[in-house]
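Okay, so here's the structure we're looking at.
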Amino acid sequence: MRVIVKIGSTLITNHGEGVDHALIAEWVRQIAQLRAAEHQVVLVSSGAIAEGMKRLGWKTRPNEVNKLQAAAAVGQMGLVQVYESAFRKHDLATAQVLLTHDDLADRTRYLNARSTLATLLELGVVPVINENDTVVTDEIKFGDNDTLAALVANLVDADLLVILTDQQGLFTADPRHDASARLVREGVAGDPALEQMAGGAGSSLGRGGMLTKILAAKKAALSGAATVIAFGRIESVLPAIVAGESIGTRLTSNNTAMQARKMWLAGHLKTGGSVTLDAGAAAALVSGGKSLLAIGVTAVSGKFTRGDVVSALNPQGKEIARGLCNYSAGEVRKIARKPTKDIAAILGYVAEAELIHRDNLVLV
């Protein structure tokens, strides 16, 4: 199973007291347990700004963007140090990945980020992701890592998004003011009733509240991922959730990953050009479930760039598939009909072994 674990600012900094080393060590122990069971884990961690505020001696979160960016830069150092030290005790390698929402909206950067994270996971590395708060502007004021975690779930085709917070989950009403409020154990992501139950931001440290978590679950569901919102201090909470125990609020998706990806690739993006395939390559896509290699391309049309959606045509000119191309039109023209082993010599580098990877391709 591929799992995204998101930890909120209030939880990770113990309500603003600075990064909680003991808690982080416990979550890392649980992640190590998941890794030992051969689950892949991506960690999305808040806390950089809160840790920076603590190190700078600030008691309240500033409104000025430049001060927030400065706090993030200071706090990120401490956050990464704690995670690296904790994971090293379990002989697990980690990687720091800083993203902005623009990185995932731009198709070229989307492909780069997807390829990097896929490679890290294949290598057994645990990526630790945070929003790149030192460079973003509007996102730092209105963004939240709940949304980022959902976008990462879409990016890597995760099976499960776990949002750890200082709340037990979603309640039918605010339990602080309504004694009759009850915990919502299960639901379907995207149900409008869930959004009505959720309130606004609940902390001065982070920008997220229960509503952002419900909306994040809705986004994660687009690629087929389920979401669990749970209290992060429950003993062995992560292994228990992955094992299917009823903890917090579990929101399921009505989409399968392939259905969602097919909708995205086939219907929501315009093609930047096309490549015509020989009969063998066409058959490999349609019947063999294979990726598209450069050697199978006989002609190229259009001026697409890396990351653009490209149509794959059979020898008769009929579109049989479309997907995200790992090379520009000019590069494809140079490597068409050439084996993968020759790409480096022709272009001077290899972006990917495949022209279009099967995971980024859908039959039409």
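Every chain in the structure tokens takes a letter, A first, then B, and so on in the order presented; its residues are numbered from 1, and the ligands are numbered from 1 following the presented order.
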
| Backbone DSSP call of strand (DSSP E or B) for stretch 86-294 of chain A, listed as a VMD selection string | chain A and resid 94 to 99 126 to 131 160 to 165 171 183 186 to 188 201 209 226 to 231 249 to 252 271 to 277 292

Keeping only N, CA and C atoms, write the selected residues to a file as a tab-separated table (two decimals), in the first residue's frame.
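Ended up saving to out.tsv:
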```tsv
chain	number	residue	atom	x	y	z
A	94	THR	N	16.01	9.39	4.19
A	94	THR	CA	14.96	10.37	3.97
A	94	THR	C	15.39	11.36	2.90
A	95	ALA	N	14.42	12.07	2.35
A	95	ALA	CA	14.69	13.10	1.35
A	95	ALA	C	13.78	14.28	1.62
A	96	GLN	N	14.34	15.47	1.62
A	96	GLN	CA	13.52	16.67	1.78
A	96	GLN	C	13.01	17.11	0.41
A	97	VAL	N	11.71	17.30	0.30
A	97	VAL	CA	11.09	17.76	-0.95
A	97	VAL	C	10.21	18.96	-0.62
A	98	LEU	N	10.54	20.11	-1.18
A	98	LEU	CA	9.75	21.32	-0.98
A	98	LEU	C	8.97	21.60	-2.25
A	99	LEU	N	7.66	21.73	-2.13
A	99	LEU	CA	6.80	21.93	-3.29
A	99	LEU	C	5.92	23.16	-3.11
A	126	VAL	N	12.12	7.55	2.40
A	126	VAL	CA	10.89	8.19	2.87
A	126	VAL	C	10.97	9.68	2.54
A	127	PRO	N	10.21	10.16	1.55
A	127	PRO	CA	10.21	11.60	1.25
A	127	PRO	C	9.49	12.38	2.36
A	128	VAL	N	10.10	13.48	2.78
A	128	VAL	CA	9.48	14.38	3.76
A	128	VAL	C	9.16	15.66	3.01
A	129	ILE	N	7.88	15.93	2.82
A	129	ILE	CA	7.44	17.03	1.97
A	129	ILE	C	6.85	18.15	2.81
A	130	ASN	N	7.17	19.36	2.42
A	130	ASN	CA	6.56	20.55	3.01
A	130	ASN	C	6.33	21.54	1.89
A	131	GLU	N	5.40	22.45	2.10
A	131	GLU	CA	5.22	23.51	1.12
A	131	GLU	C	6.44	24.43	1.18
A	160	LEU	N	-3.98	5.62	0.21
A	160	LEU	CA	-4.54	6.13	1.45
A	160	LEU	C	-3.86	7.42	1.87
A	161	LEU	N	-4.67	8.40	2.27
A	161	LEU	CA	-4.17	9.64	2.87
A	161	LEU	C	-4.58	9.65	4.33
A	162	VAL	N	-3.59	9.75	5.22
A	162	VAL	CA	-3.86	9.83	6.65
A	162	VAL	C	-3.51	11.23	7.13
A	163	ILE	N	-4.50	11.95	7.66
A	163	ILE	CA	-4.29	13.29	8.19
A	163	ILE	C	-4.33	13.21	9.71
A	164	LEU	N	-3.16	13.36	10.32
A	164	LEU	CA	-3.07	13.34	11.78
A	164	LEU	C	-3.24	14.76	12.30
A	165	THR	N	-4.12	14.91	13.28
A	165	THR	CA	-4.44	16.22	13.80
A	165	THR	C	-4.63	16.14	15.31
A	171	PHE	N	-16.77	15.71	13.47
A	171	PHE	CA	-17.97	15.55	14.29
A	171	PHE	C	-19.17	16.17	13.58
A	183	LEU	N	-19.00	11.68	16.68
A	183	LEU	CA	-17.93	11.46	15.70
A	183	LEU	C	-18.49	10.75	14.47
A	186	GLU	N	-17.58	7.05	9.31
A	186	GLU	CA	-17.38	6.76	7.90
A	186	GLU	C	-18.20	7.73	7.06
A	187	GLY	N	-17.74	7.92	5.83
A	187	GLY	CA	-18.46	8.75	4.89
A	187	GLY	C	-17.84	8.61	3.52
A	188	VAL	N	-18.43	9.31	2.56
A	188	VAL	CA	-17.92	9.30	1.19
A	188	VAL	C	-17.35	10.68	0.90
A	201	ALA	N	-10.95	27.47	10.33
A	201	ALA	CA	-9.62	27.19	10.88
A	201	ALA	C	-9.69	27.19	12.39
A	209	GLY	N	-8.19	23.92	9.01
A	209	GLY	CA	-9.18	23.53	9.99
A	209	GLY	C	-9.81	22.24	9.51
A	226	ALA	N	-8.51	6.81	-0.40
A	226	ALA	CA	-9.35	7.02	0.78
A	226	ALA	C	-8.59	7.95	1.74
A	227	THR	N	-9.32	8.60	2.64
A	227	THR	CA	-8.70	9.50	3.62
A	227	THR	C	-9.18	9.15	5.01
A	228	VAL	N	-8.24	9.15	5.96
A	228	VAL	CA	-8.58	8.99	7.38
A	228	VAL	C	-8.09	10.21	8.13
A	229	ILE	N	-8.98	10.84	8.88
A	229	ILE	CA	-8.66	11.99	9.73
A	229	ILE	C	-8.69	11.49	11.16
A	230	ALA	N	-7.57	11.59	11.88
A	230	ALA	CA	-7.51	10.96	13.20
A	230	ALA	C	-6.61	11.74	14.16
A	231	PHE	N	-6.81	11.49	15.44
A	231	PHE	CA	-5.99	12.09	16.49
A	231	PHE	C	-4.60	11.46	16.45
A	249	THR	N	-12.13	9.42	11.44
A	249	THR	CA	-13.12	9.48	10.36
A	249	THR	C	-12.49	8.96	9.07
A	250	ARG	N	-13.09	7.94	8.50
A	250	ARG	CA	-12.60	7.38	7.23
A	250	ARG	C	-13.56	7.79	6.11
A	251	LEU	N	-13.00	8.45	5.10
A	251	LEU	CA	-13.78	8.90	3.94
A	251	LEU	C	-13.30	8.16	2.70
A	252	THR	N	-14.18	7.42	2.10
A	252	THR	CA	-13.82	6.60	0.96
A	252	THR	C	-14.08	7.33	-0.35
A	271	THR	N	-4.54	17.88	-26.15
A	271	THR	CA	-3.29	17.29	-26.61
A	271	THR	C	-2.42	18.35	-27.27
A	272	GLY	N	-1.10	18.22	-27.07
A	272	GLY	CA	-0.17	19.18	-27.66
A	272	GLY	C	0.37	18.72	-29.00
A	273	GLY	N	0.04	17.50	-29.41
A	273	GLY	CA	0.52	16.96	-30.66
A	273	GLY	C	0.25	15.47	-30.70
A	274	SER	N	0.91	14.79	-31.61
A	274	SER	CA	0.68	13.35	-31.73
A	274	SER	C	1.94	12.63	-32.20
A	275	VAL	N	1.98	11.35	-31.93
A	275	VAL	CA	3.04	10.48	-32.44
A	275	VAL	C	2.35	9.30	-33.12
A	276	THR	N	2.85	8.94	-34.29
A	276	THR	CA	2.32	7.79	-35.01
A	276	THR	C	3.19	6.58	-34.72
A	277	LEU	N	2.55	5.44	-34.46
A	277	LEU	CA	3.26	4.24	-34.04
A	277	LEU	C	3.27	3.19	-35.13
A	292	LEU	N	5.02	3.22	-23.90
A	292	LEU	CA	5.42	3.56	-25.27
A	292	LEU	C	6.90	3.90	-25.28
```

| Among stretch 285-349 of chain A, which ones does DSSP place in helix (DSSP H, G or I), written as a PyMOL selection string? | chain A and resi 285-286+294-296+329-335+340-347

| task | Please indicate the distance in Å from atom CA of A:Ala336 to atom CA of A:Asp278, rounded to one decimal place. | result | 10.9 Å

| Do you have the atom CA of A:Leu111-atom CA of A:Leu361 distance handy? |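 Separating atom CA of A:Leu111 from atom CA of A:Leu361 is a distance of 12.6 Å.
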
Which residues are near A:Gly52? Cut-off 7 Å, only C-alpha atoms, ignore same chain within fewer than 2 positions. Put them as a PDB file with C-alpha atoms, in the first residue's frame.
```pdb
ATOM      1  CA  ALA A  48       8.277  24.939   9.701  1.00  0.00           C
ATOM      2  CA  ILE A  49       6.677  28.320  10.385  1.00  0.00           C
ATOM      3  CA  ALA A  50       5.656  27.345  13.921  1.00  0.00           C
ATOM      4  CA  LYS A  54       9.609  29.567  18.397  1.00  0.00           C
ATOM      5  CA  ARG A  55      13.270  29.950  17.416  1.00  0.00           C
ATOM      6  CA  LEU A  56      12.766  33.646  16.670  1.00  0.00           C
ATOM      7  CA  ALA A  71      10.124  32.023   9.900  1.00  0.00           C
ATOM      8  CA  ALA A  72       9.690  29.137   7.457  1.00  0.00           C
ATOM      9  CA  VAL A  74      14.511  29.268  10.028  1.00  0.00           C
ATOM     10  CA  GLY A  75      12.076  26.566  11.112  1.00  0.00           C
TER      11      GLY A  75
END
```

Long-range neighbours of A:Arg109 as a compact mmCIF listing (two decimals) with N, CA and C atoms, in the first residue's frame, 12 Å cut-off, only C-alpha atoms, 2 positions minimum in chain:
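The result, written out as out-v6.txt:
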```txt
# COMPACT_ATOMS: atom_id res chain seq x y z
N LEU A 99 7.66 21.73 -2.13
CA LEU A 99 6.80 21.93 -3.29
C LEU A 99 5.92 23.16 -3.11
N THR A 100 5.50 23.72 -4.21
CA THR A 100 4.44 24.73 -4.21
C THR A 100 3.28 24.19 -5.02
N HIS A 101 2.12 24.81 -4.89
CA HIS A 101 0.97 24.36 -5.67
C HIS A 101 1.25 24.51 -7.16
N ASP A 102 2.04 25.53 -7.54
CA ASP A 102 2.37 25.72 -8.94
C ASP A 102 3.17 24.55 -9.50
N ASP A 103 3.97 23.90 -8.66
CA ASP A 103 4.76 22.75 -9.13
C ASP A 103 3.85 21.63 -9.61
N LEU A 104 2.68 21.53 -9.02
CA LEU A 104 1.78 20.45 -9.37
C LEU A 104 0.74 20.87 -10.40
N ALA A 105 0.65 22.18 -10.67
CA ALA A 105 -0.26 22.67 -11.70
C ALA A 105 0.43 22.69 -13.07
N ASP A 106 1.74 22.94 -13.08
CA ASP A 106 2.51 22.94 -14.32
C ASP A 106 2.83 21.50 -14.72
N ARG A 107 2.49 21.11 -15.97
CA ARG A 107 2.60 19.71 -16.36
C ARG A 107 4.05 19.22 -16.38
N LEU A 111 5.42 16.31 -13.89
CA LEU A 111 6.11 15.08 -14.30
C LEU A 111 7.43 14.91 -13.56
N ASN A 112 8.17 16.02 -13.43
CA ASN A 112 9.46 15.95 -12.73
C ASN A 112 9.26 15.52 -11.28
N ALA A 113 8.28 16.12 -10.61
CA ALA A 113 8.02 15.79 -9.21
C ALA A 113 7.55 14.35 -9.09
N ARG A 114 6.68 13.92 -9.99
CA ARG A 114 6.17 12.54 -9.95
C ARG A 114 7.29 11.54 -10.15
N SER A 115 8.17 11.82 -11.11
CA SER A 115 9.28 10.90 -11.39
C SER A 115 10.23 10.83 -10.21
N THR A 116 10.52 11.98 -9.61
CA THR A 116 11.44 12.01 -8.47
C THR A 116 10.88 11.22 -7.30
N LEU A 155 -0.61 12.88 -7.01
CA LEU A 155 0.66 12.85 -7.76
C LEU A 155 1.26 11.45 -7.82
N THR A 305 5.86 20.07 -25.59
CA THR A 305 7.03 20.06 -24.71
C THR A 305 6.88 18.92 -23.70
N ARG A 306 7.93 18.67 -22.95
CA ARG A 306 7.88 17.64 -21.91
C ARG A 306 6.73 17.94 -20.96
N GLY A 307 5.93 16.92 -20.68
CA GLY A 307 4.80 17.08 -19.77
C GLY A 307 3.48 17.32 -20.47
N ASP A 308 3.51 17.64 -21.78
CA ASP A 308 2.27 17.84 -22.51
C ASP A 308 1.58 16.50 -22.77
N LEU A 324 1.07 11.59 -20.96
CA LEU A 324 2.06 12.64 -20.70
C LEU A 324 3.40 12.22 -21.29
N ASN A 326 7.37 12.32 -22.02
CA ASN A 326 8.58 12.65 -21.27
C ASN A 326 9.60 13.46 -22.06
```

| For A:Lys338, which of A:Trp27, A:Asp91, A:Leu355, A:Leu211 is the closest residue, counting only C-alpha atoms? | A:Leu355

| atom CA of A:Ser328 to atom CA of A:Phe304: how many Å, to one decimal? |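 Computed distance, atom CA of A:Ser328 to atom CA of A:Phe304, equals 5.6 Å.
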